[in-house]
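S.K.: So here's model-v7.cif, just mmCIF, C-alpha atoms:
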```cif
data_final
#
loop_
_atom_site.group_PDB
_atom_site.id
_atom_site.type_symbol
_atom_site.label_atom_id
_atom_site.label_comp_id
_atom_site.auth_asym_id
_atom_site.auth_seq_id
_atom_site.Cartn_x
_atom_site.Cartn_y
_atom_site.Cartn_z
ATOM 1 C CA MET A 5 -22.603 25.858 -41.759
ATOM 2 C CA PRO A 6 -25.723 25.858 -39.560
ATOM 3 C CA LYS A 7 -25.258 25.863 -35.796
ATOM 4 C CA LEU A 8 -25.572 22.434 -34.182
ATOM 5 C CA PRO A 9 -28.531 22.180 -31.798
ATOM 6 C CA VAL A 10 -27.869 22.079 -28.072
ATOM 7 C CA LEU A 11 -28.631 18.655 -26.593
ATOM 8 C CA ALA A 12 -31.397 18.233 -24.034
ATOM 9 C CA ASP A 13 -30.409 17.247 -20.490
ATOM 10 C CA HIS A 14 -31.628 13.674 -20.867
ATOM 11 C CA GLU A 15 -29.586 13.311 -24.072
ATOM 12 C CA ILE A 16 -26.520 14.614 -22.248
ATOM 13 C CA ASP A 17 -27.087 12.196 -19.360
ATOM 14 C CA ARG A 18 -27.442 9.288 -21.772
ATOM 15 C CA ARG A 19 -24.114 10.132 -23.412
ATOM 16 C CA LEU A 20 -22.303 10.719 -20.127
ATOM 17 C CA ALA A 21 -23.420 7.273 -18.932
ATOM 18 C CA VAL A 22 -21.137 5.841 -21.627
ATOM 19 C CA LEU A 23 -18.318 8.419 -21.281
ATOM 20 C CA SER A 24 -17.901 7.600 -17.616
ATOM 21 C CA GLU A 25 -14.689 9.579 -17.073
ATOM 22 C CA TRP A 26 -16.276 12.861 -18.148
ATOM 23 C CA MET A 27 -18.147 15.170 -15.795
ATOM 24 C CA ARG A 28 -20.676 17.789 -16.663
ATOM 25 C CA GLN A 29 -19.914 21.335 -15.566
ATOM 26 C CA GLY A 30 -22.822 23.515 -16.630
ATOM 27 C CA ASP A 31 -22.609 24.024 -20.394
ATOM 28 C CA ALA A 32 -19.442 21.951 -20.689
ATOM 29 C CA ILE A 33 -18.011 18.495 -20.027
ATOM 30 C CA THR A 34 -14.563 18.010 -18.552
ATOM 31 C CA ARG A 35 -12.039 15.260 -17.962
ATOM 32 C CA THR A 36 -8.649 15.339 -16.253
ATOM 33 C CA PHE A 37 -5.854 13.124 -17.568
ATOM 34 C CA ARG A 38 -2.753 12.364 -15.499
ATOM 35 C CA PHE A 39 0.665 11.523 -16.921
ATOM 36 C CA ALA A 40 4.181 10.704 -15.747
ATOM 37 C CA GLY A 41 5.319 14.340 -16.075
ATOM 38 C CA PHE A 42 5.252 17.529 -18.133
ATOM 39 C CA PRO A 43 6.796 16.043 -21.314
ATOM 40 C CA GLU A 44 4.170 13.289 -21.378
ATOM 41 C CA ALA A 45 1.360 15.764 -20.672
ATOM 42 C CA THR A 46 2.383 18.038 -23.557
ATOM 43 C CA ALA A 47 2.827 15.029 -25.867
ATOM 44 C CA PHE A 48 -0.819 14.219 -25.162
ATOM 45 C CA VAL A 49 -1.802 17.821 -26.040
ATOM 46 C CA GLN A 50 -0.085 17.292 -29.382
ATOM 47 C CA GLN A 51 -2.218 14.205 -29.996
ATOM 48 C CA LEU A 52 -5.387 16.287 -29.661
ATOM 49 C CA VAL A 53 -4.664 18.082 -32.936
ATOM 50 C CA ALA A 54 -5.804 15.314 -35.303
ATOM 51 C CA PRO A 55 -9.259 14.701 -33.781
ATOM 52 C CA ALA A 56 -9.857 18.419 -33.143
ATOM 53 C CA GLU A 57 -8.928 19.463 -36.670
ATOM 54 C CA GLY A 58 -10.748 16.435 -38.065
ATOM 55 C CA ILE A 59 -14.137 17.605 -36.828
ATOM 56 C CA ASN A 60 -13.138 21.275 -36.623
ATOM 57 C CA HIS A 61 -13.994 21.437 -32.948
ATOM 58 C CA HIS A 62 -11.352 22.417 -30.425
ATOM 59 C CA PRO A 63 -11.002 21.568 -26.755
ATOM 60 C CA ASP A 64 -10.003 24.017 -24.056
ATOM 61 C CA VAL A 65 -6.791 22.537 -22.685
ATOM 62 C CA ASP A 66 -5.176 23.336 -19.333
ATOM 63 C CA VAL A 67 -1.775 21.801 -18.579
ATOM 64 C CA ARG A 68 -0.804 21.681 -14.892
ATOM 65 C CA TYR A 69 2.567 19.892 -14.716
ATOM 66 C CA ASP A 70 1.533 16.232 -15.103
ATOM 67 C CA ARG A 71 -2.193 16.838 -15.545
ATOM 68 C CA VAL A 72 -4.155 17.863 -18.631
ATOM 69 C CA ILE A 73 -7.672 19.163 -18.017
ATOM 70 C CA ILE A 74 -9.869 19.093 -21.110
ATOM 71 C CA THR A 75 -13.082 21.103 -21.280
ATOM 72 C CA LEU A 76 -15.515 20.743 -24.167
ATOM 73 C CA SER A 77 -18.428 22.996 -25.089
ATOM 74 C CA THR A 78 -19.895 24.362 -28.308
ATOM 75 C CA HIS A 79 -19.658 28.098 -27.734
ATOM 76 C CA GLU A 80 -21.423 29.122 -30.946
ATOM 77 C CA SER A 81 -24.429 26.965 -30.007
ATOM 78 C CA GLY A 82 -24.366 28.060 -26.381
ATOM 79 C CA GLY A 83 -24.144 24.588 -24.880
ATOM 80 C CA LEU A 84 -23.306 20.924 -25.395
ATOM 81 C CA THR A 85 -23.814 19.440 -28.867
ATOM 82 C CA GLU A 86 -23.079 16.186 -30.698
ATOM 83 C CA ASN A 87 -19.657 17.628 -31.536
ATOM 84 C CA ASP A 88 -18.597 17.692 -27.899
ATOM 85 C CA PHE A 89 -19.423 14.045 -27.373
ATOM 86 C CA ALA A 90 -17.867 13.037 -30.695
ATOM 87 C CA LEU A 91 -14.642 14.757 -29.645
ATOM 88 C CA ALA A 92 -14.758 13.311 -26.105
ATOM 89 C CA GLU A 93 -15.049 9.817 -27.574
ATOM 90 C CA GLN A 94 -12.073 10.380 -29.864
ATOM 91 C CA ILE A 95 -9.994 11.831 -27.033
ATOM 92 C CA ASP A 96 -10.781 8.805 -24.843
ATOM 93 C CA ARG A 97 -9.523 6.568 -27.614
ATOM 94 C CA LEU A 98 -6.121 8.324 -27.488
ATOM 95 C CA VAL A 99 -5.485 6.963 -24.011
ATOM 96 C CA GLY A 100 -6.814 3.507 -24.799
ATOM 97 C CA MET B 6 17.010 21.682 -2.661
ATOM 98 C CA PRO B 7 16.300 24.841 -0.625
ATOM 99 C CA LYS B 8 13.301 26.922 -1.599
ATOM 100 C CA LEU B 9 14.113 29.929 -3.758
ATOM 101 C CA PRO B 10 13.357 33.232 -2.035
ATOM 102 C CA VAL B 11 10.365 35.250 -3.199
ATOM 103 C CA LEU B 12 11.445 38.437 -4.977
ATOM 104 C CA ALA B 13 10.591 41.839 -3.544
ATOM 105 C CA ASP B 14 8.144 44.032 -5.477
ATOM 106 C CA HIS B 15 10.863 46.384 -6.720
ATOM 107 C CA GLU B 16 12.866 43.409 -8.009
ATOM 108 C CA ILE B 17 9.784 42.106 -9.810
ATOM 109 C CA ASP B 18 9.133 45.545 -11.359
ATOM 110 C CA ARG B 19 12.743 45.762 -12.541
ATOM 111 C CA ARG B 20 12.495 42.385 -14.282
ATOM 112 C CA LEU B 21 9.096 43.117 -15.809
ATOM 113 C CA ALA B 22 10.479 46.333 -17.298
ATOM 114 C CA VAL B 23 12.647 44.119 -19.523
ATOM 115 C CA LEU B 24 10.055 41.364 -20.118
ATOM 116 C CA SER B 25 7.594 43.852 -21.524
ATOM 117 C CA GLU B 26 5.053 41.332 -22.825
ATOM 118 C CA TRP B 27 4.506 39.825 -19.392
ATOM 119 C CA MET B 28 1.976 41.120 -16.894
ATOM 120 C CA ARG B 29 1.914 40.619 -13.177
ATOM 121 C CA GLN B 30 -1.182 38.984 -11.706
ATOM 122 C CA GLY B 31 -0.723 38.807 -7.954
ATOM 123 C CA ASP B 32 1.794 36.063 -7.192
ATOM 124 C CA ALA B 33 2.227 35.188 -10.870
ATOM 125 C CA ILE B 34 3.259 36.612 -14.240
ATOM 126 C CA THR B 35 1.353 35.860 -17.411
ATOM 127 C CA ARG B 36 1.694 36.244 -21.144
ATOM 128 C CA THR B 37 -0.697 35.348 -23.969
ATOM 129 C CA PHE B 38 0.708 34.110 -27.279
ATOM 130 C CA ARG B 39 -1.397 34.039 -30.434
ATOM 131 C CA PHE B 40 -0.883 31.653 -33.358
ATOM 132 C CA ALA B 41 -2.411 30.815 -36.739
ATOM 133 C CA GLY B 42 -4.573 28.045 -35.272
ATOM 134 C CA PHE B 43 -4.799 25.089 -32.900
ATOM 135 C CA PRO B 44 -1.990 23.009 -34.488
ATOM 136 C CA GLU B 45 0.427 25.932 -34.217
ATOM 137 C CA ALA B 46 -0.670 26.662 -30.630
ATOM 138 C CA THR B 47 -0.069 23.060 -29.531
ATOM 139 C CA ALA B 48 3.274 22.953 -31.366
ATOM 140 C CA PHE B 49 4.313 25.901 -29.204
ATOM 141 C CA VAL B 50 3.241 24.005 -26.068
ATOM 142 C CA GLN B 51 5.565 21.214 -27.178
ATOM 143 C CA GLN B 52 8.440 23.690 -27.389
ATOM 144 C CA LEU B 53 7.978 24.580 -23.714
ATOM 145 C CA VAL B 54 9.225 21.159 -22.620
ATOM 146 C CA ALA B 55 12.963 21.798 -23.113
ATOM 147 C CA PRO B 56 13.209 25.042 -21.106
ATOM 148 C CA ALA B 57 10.792 23.806 -18.418
ATOM 149 C CA GLU B 58 12.597 20.507 -17.905
ATOM 150 C CA GLY B 59 15.964 22.288 -18.195
ATOM 151 C CA ILE B 60 15.391 24.365 -15.075
ATOM 152 C CA ASN B 61 12.836 21.944 -13.556
ATOM 153 C CA HIS B 62 10.199 24.660 -13.396
ATOM 154 C CA HIS B 63 6.906 24.218 -15.198
ATOM 155 C CA PRO B 64 4.487 26.783 -16.576
ATOM 156 C CA ASP B 65 0.724 26.596 -16.239
ATOM 157 C CA VAL B 66 -0.466 26.429 -19.851
ATOM 158 C CA ASP B 67 -3.980 27.175 -21.108
ATOM 159 C CA VAL B 68 -4.714 26.541 -24.787
ATOM 160 C CA ARG B 69 -7.769 28.341 -26.186
ATOM 161 C CA TYR B 70 -7.917 27.502 -29.897
ATOM 162 C CA ASP B 71 -5.227 29.803 -31.363
ATOM 163 C CA ARG B 72 -4.074 31.314 -28.061
ATOM 164 C CA VAL B 73 -1.708 29.975 -25.430
ATOM 165 C CA ILE B 74 -1.840 31.651 -22.038
ATOM 166 C CA ILE B 75 1.235 30.999 -19.906
ATOM 167 C CA THR B 76 1.204 31.636 -16.168
ATOM 168 C CA LEU B 77 4.362 31.415 -14.062
ATOM 169 C CA SER B 78 4.683 31.297 -10.291
ATOM 170 C CA THR B 79 6.790 29.368 -7.791
ATOM 171 C CA HIS B 80 4.144 27.619 -5.737
ATOM 172 C CA GLU B 81 6.526 26.039 -3.229
ATOM 173 C CA SER B 82 7.992 29.478 -2.436
ATOM 174 C CA GLY B 83 4.584 31.158 -2.386
ATOM 175 C CA GLY B 84 5.360 33.832 -4.965
ATOM 176 C CA LEU B 85 7.589 34.967 -7.814
ATOM 177 C CA THR B 86 11.229 33.863 -7.808
ATOM 178 C CA GLU B 87 14.261 34.019 -10.110
ATOM 179 C CA ASN B 88 13.034 30.786 -11.685
ATOM 180 C CA ASP B 89 9.883 32.438 -13.037
ATOM 181 C CA PHE B 90 11.821 35.180 -14.765
ATOM 182 C CA ALA B 91 14.456 32.750 -16.063
ATOM 183 C CA LEU B 92 11.681 30.652 -17.601
ATOM 184 C CA ALA B 93 9.839 33.713 -18.992
ATOM 185 C CA GLU B 94 13.048 34.827 -20.735
ATOM 186 C CA GLN B 95 13.550 31.398 -22.286
ATOM 187 C CA ILE B 96 9.932 31.219 -23.416
ATOM 188 C CA ASP B 97 10.219 34.655 -25.048
ATOM 189 C CA ARG B 98 13.235 33.384 -26.982
ATOM 190 C CA LEU B 99 11.080 30.597 -28.487
ATOM 191 C CA VAL B 100 9.010 33.137 -30.393
ATOM 192 C CA GLY B 101 12.013 35.228 -31.407
#
```
Could the structure of this file be written out as structure tokens, please?
M.R.:
Amino acid sequence: MPKLPVLADHEIDRRLAVLSEWMRQGDAITRTFRFAGFPEATAFVQQLVAPAEGINHHPDVDVRYDRVIITLSTHESGGLTENDFALAEQIDRLVG
Amino acid sequence: MPKLPVLADHEIDRRLAVLSEWMRQGDAITRTFRFAGFPEATAFVQQLVAPAEGINHHPDVDVRYDRVIITLSTHESGGLTENDFALAEQIDRLVG
């Protein structure tokens, strides 16, 4: 499968304008989700499997008690691609 | 509930001699688990709930595709306590 092209800055900005909860951090985008506690946070991690496997693109996931920090980047392309924003959109849908 | 006392270095070394897969990193201990893929890695994260809630002590959990990096420390005590080693032992039991 060919590598997805890295998006230009203005393309990234355009997408982040819609995904308002996500922040750019260099070659990645990140969002922090907060839950009632650790069981709820890990239940959310479980819900990430379907979208991640569906597009074969996997988030970096950090669980800190009641918080889940998701970081998305396309390592093999060396930056942000359509895949990252497709996954961000699907993850947002999980929390309504 | 009173704060648990921080363990002395020789106590930490004695416990790590038994928990041979864990490494000390300053005020924390860490172990990396590897799985077949992302679904298996997140299923393992789910399994952490029972021991963590059981002793009310929660690991920092980083999921990186097929790897789960667990970091234990007792923040409110400012170092490693009995709780960290109790949780490490229970986590080790999850993977046999």
S.K.: I need the residue set behind the PyMOL selection byres ((chain A and resi 55) around 10) for this file; please write it as a list in words.
M.R.: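 Output of the PyMOL selection byres ((chain A and resi 55) around 10): Gln51, Leu52, Val53, Ala54, Ala56, Glu57, Gly58, Ile59, Asn60, His61, His62, Pro63, Ala90, Leu91, Ala92, Glu93, Gln94, Ile95 and Leu98 of chain A.
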S.K.: Using only C-alpha atoms, determine which residues of chain B fall within 6 Å of chain A; present them as a CSV table (one decimal) with C-alpha atoms, keeping the file's coordinate frame.
M.R.:
```csv
chain,number,residue,atom,x,y,z
B,44,PRO,CA,-2.0,23.0,-34.5
B,47,THR,CA,-0.1,23.1,-29.5
B,51,GLN,CA,5.6,21.2,-27.2
B,54,VAL,CA,9.2,21.2,-22.6
B,65,ASP,CA,0.7,26.6,-16.2
B,66,VAL,CA,-0.5,26.4,-19.9
B,67,ASP,CA,-4.0,27.2,-21.1
B,68,VAL,CA,-4.7,26.5,-24.8
B,69,ARG,CA,-7.8,28.3,-26.2
```
S.K.: Quick one: residues within 7 Å of stretch 24-36 of chain B, all atoms listed in the file, excluding same-chain residues fewer than 6 positions away - as a PyMOL selection string?
M.R.: chain B and resi 74-78+84-85
S.K.: To one decimal place, how far is atom CA of B:Gly83 from atom CA of B:Thr37 in Å?
M.R.: 22.6 Å
S.K.: Tell me which of A:Phe89, A:Ala21, A:Glu80, A:Arg97 sits closest to A:Pro6, counting all atoms listed in the file.
M.R.: A:Glu80
S.K.: State, in Å with one decimal place, the distance from atom CA of B:Leu9 to atom CA of A:Arg71.
M.R.: 24.0 Å
S.K.: Since the input is missing atoms, can you rebuild N, CA, C and O atoms for stretch 33-58 of chain A and write them as an mmCIF file, in the frame of the given file?
M.R.:
```cif
data_model
loop_
_atom_site.group_PDB
_atom_site.id
_atom_site.type_symbol
_atom_site.label_atom_id
_atom_site.label_comp_id
_atom_site.auth_asym_id
_atom_site.auth_seq_id
_atom_site.Cartn_x
_atom_site.Cartn_y
_atom_site.Cartn_z
ATOM 1 N N ILE A 33 -18.439 19.737 -20.668
ATOM 2 C CA ILE A 33 -18.011 18.495 -20.027
ATOM 3 C C ILE A 33 -16.495 18.557 -19.887
ATOM 4 O O ILE A 33 -15.800 19.190 -20.687
ATOM 5 N N THR A 34 -15.990 17.899 -18.853
ATOM 6 C CA THR A 34 -14.563 18.010 -18.552
ATOM 7 C C THR A 34 -14.001 16.661 -18.089
ATOM 8 O O THR A 34 -14.714 15.846 -17.507
ATOM 9 N N ARG A 35 -12.752 16.441 -18.450
ATOM 10 C CA ARG A 35 -12.039 15.260 -17.962
ATOM 11 C C ARG A 35 -10.590 15.633 -17.682
ATOM 12 O O ARG A 35 -9.983 16.403 -18.445
ATOM 13 N N THR A 36 -10.051 15.100 -16.604
ATOM 14 C CA THR A 36 -8.649 15.339 -16.253
ATOM 15 C C THR A 36 -7.837 14.078 -16.520
ATOM 16 O O THR A 36 -8.224 12.992 -16.080
ATOM 17 N N PHE A 37 -6.761 14.231 -17.258
ATOM 18 C CA PHE A 37 -5.854 13.124 -17.568
ATOM 19 C C PHE A 37 -4.554 13.339 -16.787
ATOM 20 O O PHE A 37 -4.063 14.468 -16.714
ATOM 21 N N ARG A 38 -4.000 12.245 -16.261
ATOM 22 C CA ARG A 38 -2.753 12.364 -15.499
ATOM 23 C C ARG A 38 -1.650 11.570 -16.196
ATOM 24 O O ARG A 38 -1.888 10.455 -16.654
ATOM 25 N N PHE A 39 -0.458 12.144 -16.226
ATOM 26 C CA PHE A 39 0.665 11.523 -16.921
ATOM 27 C C PHE A 39 1.884 11.436 -16.010
ATOM 28 O O PHE A 39 1.859 11.897 -14.864
ATOM 29 N N ALA A 40 2.963 10.880 -16.543
ATOM 30 C CA ALA A 40 4.181 10.704 -15.747
ATOM 31 C C ALA A 40 4.838 12.049 -15.419
ATOM 32 O O ALA A 40 5.472 12.200 -14.378
ATOM 33 N N GLY A 41 4.689 13.043 -16.309
ATOM 34 C CA GLY A 41 5.319 14.340 -16.075
ATOM 35 C C GLY A 41 4.914 15.319 -17.152
ATOM 36 O O GLY A 41 4.012 15.052 -17.964
ATOM 37 N N PHE A 42 5.577 16.465 -17.181
ATOM 38 C CA PHE A 42 5.252 17.529 -18.133
ATOM 39 C C PHE A 42 5.491 17.115 -19.592
ATOM 40 O O PHE A 42 4.646 17.407 -20.452
ATOM 41 N N PRO A 43 6.592 16.435 -19.906
ATOM 42 C CA PRO A 43 6.796 16.043 -21.314
ATOM 43 C C PRO A 43 5.672 15.140 -21.822
ATOM 44 O O PRO A 43 5.194 15.313 -22.950
ATOM 45 N N GLU A 44 5.234 14.209 -20.985
ATOM 46 C CA GLU A 44 4.170 13.289 -21.378
ATOM 47 C C GLU A 44 2.835 14.032 -21.505
ATOM 48 O O GLU A 44 2.020 13.728 -22.384
ATOM 49 N N ALA A 45 2.600 14.990 -20.623
ATOM 50 C CA ALA A 45 1.360 15.764 -20.672
ATOM 51 C C ALA A 45 1.284 16.584 -21.964
ATOM 52 O O ALA A 45 0.252 16.610 -22.638
ATOM 53 N N THR A 46 2.397 17.216 -22.340
ATOM 54 C CA THR A 46 2.383 18.038 -23.557
ATOM 55 C C THR A 46 2.353 17.162 -24.812
ATOM 56 O O THR A 46 1.800 17.570 -25.833
ATOM 57 N N ALA A 47 2.921 15.958 -24.731
ATOM 58 C CA ALA A 47 2.827 15.029 -25.867
ATOM 59 C C ALA A 47 1.358 14.663 -26.110
ATOM 60 O O ALA A 47 0.918 14.537 -27.259
ATOM 61 N N PHE A 48 0.612 14.508 -25.036
ATOM 62 C CA PHE A 48 -0.819 14.219 -25.162
ATOM 63 C C PHE A 48 -1.548 15.406 -25.815
ATOM 64 O O PHE A 48 -2.421 15.216 -26.665
ATOM 65 N N VAL A 49 -1.180 16.624 -25.431
ATOM 66 C CA VAL A 49 -1.802 17.821 -26.040
ATOM 67 C C VAL A 49 -1.591 17.797 -27.554
ATOM 68 O O VAL A 49 -2.498 18.104 -28.336
ATOM 69 N N GLN A 50 -0.398 17.389 -27.957
ATOM 70 C CA GLN A 50 -0.085 17.292 -29.382
ATOM 71 C C GLN A 50 -1.019 16.304 -30.090
ATOM 72 O O GLN A 50 -1.457 16.536 -31.214
ATOM 73 N N GLN A 51 -1.345 15.238 -29.409
ATOM 74 C CA GLN A 51 -2.218 14.205 -29.996
ATOM 75 C C GLN A 51 -3.660 14.677 -30.194
ATOM 76 O O GLN A 51 -4.434 14.028 -30.897
ATOM 77 N N LEU A 52 -4.015 15.769 -29.536
ATOM 78 C CA LEU A 52 -5.387 16.287 -29.661
ATOM 79 C C LEU A 52 -5.625 16.957 -31.012
ATOM 80 O O LEU A 52 -6.768 17.160 -31.420
ATOM 81 N N VAL A 53 -4.533 17.308 -31.694
ATOM 82 C CA VAL A 53 -4.664 18.082 -32.936
ATOM 83 C C VAL A 53 -5.470 17.331 -33.986
ATOM 84 O O VAL A 53 -6.413 17.883 -34.570
ATOM 85 N N ALA A 54 -5.143 16.059 -34.221
ATOM 86 C CA ALA A 54 -5.804 15.314 -35.303
ATOM 87 C C ALA A 54 -7.322 15.227 -35.101
ATOM 88 O O ALA A 54 -8.079 15.619 -35.996
ATOM 89 N N PRO A 55 -7.800 14.737 -33.942
ATOM 90 C CA PRO A 55 -9.259 14.701 -33.781
ATOM 91 C C PRO A 55 -9.900 16.089 -33.804
ATOM 92 O O PRO A 55 -10.976 16.255 -34.401
ATOM 93 N N ALA A 56 -9.261 17.075 -33.203
ATOM 94 C CA ALA A 56 -9.857 18.419 -33.143
ATOM 95 C C ALA A 56 -9.975 19.034 -34.530
ATOM 96 O O ALA A 56 -11.010 19.597 -34.902
ATOM 97 N N GLU A 57 -8.894 18.907 -35.312
ATOM 98 C CA GLU A 57 -8.928 19.463 -36.670
ATOM 99 C C GLU A 57 -9.870 18.630 -37.550
ATOM 100 O O GLU A 57 -10.525 19.166 -38.431
ATOM 101 N N GLY A 58 -9.925 17.332 -37.270
ATOM 102 C CA GLY A 58 -10.748 16.435 -38.065
ATOM 103 C C GLY A 58 -12.221 16.809 -38.052
ATOM 104 O O GLY A 58 -12.886 16.752 -39.088
#
```
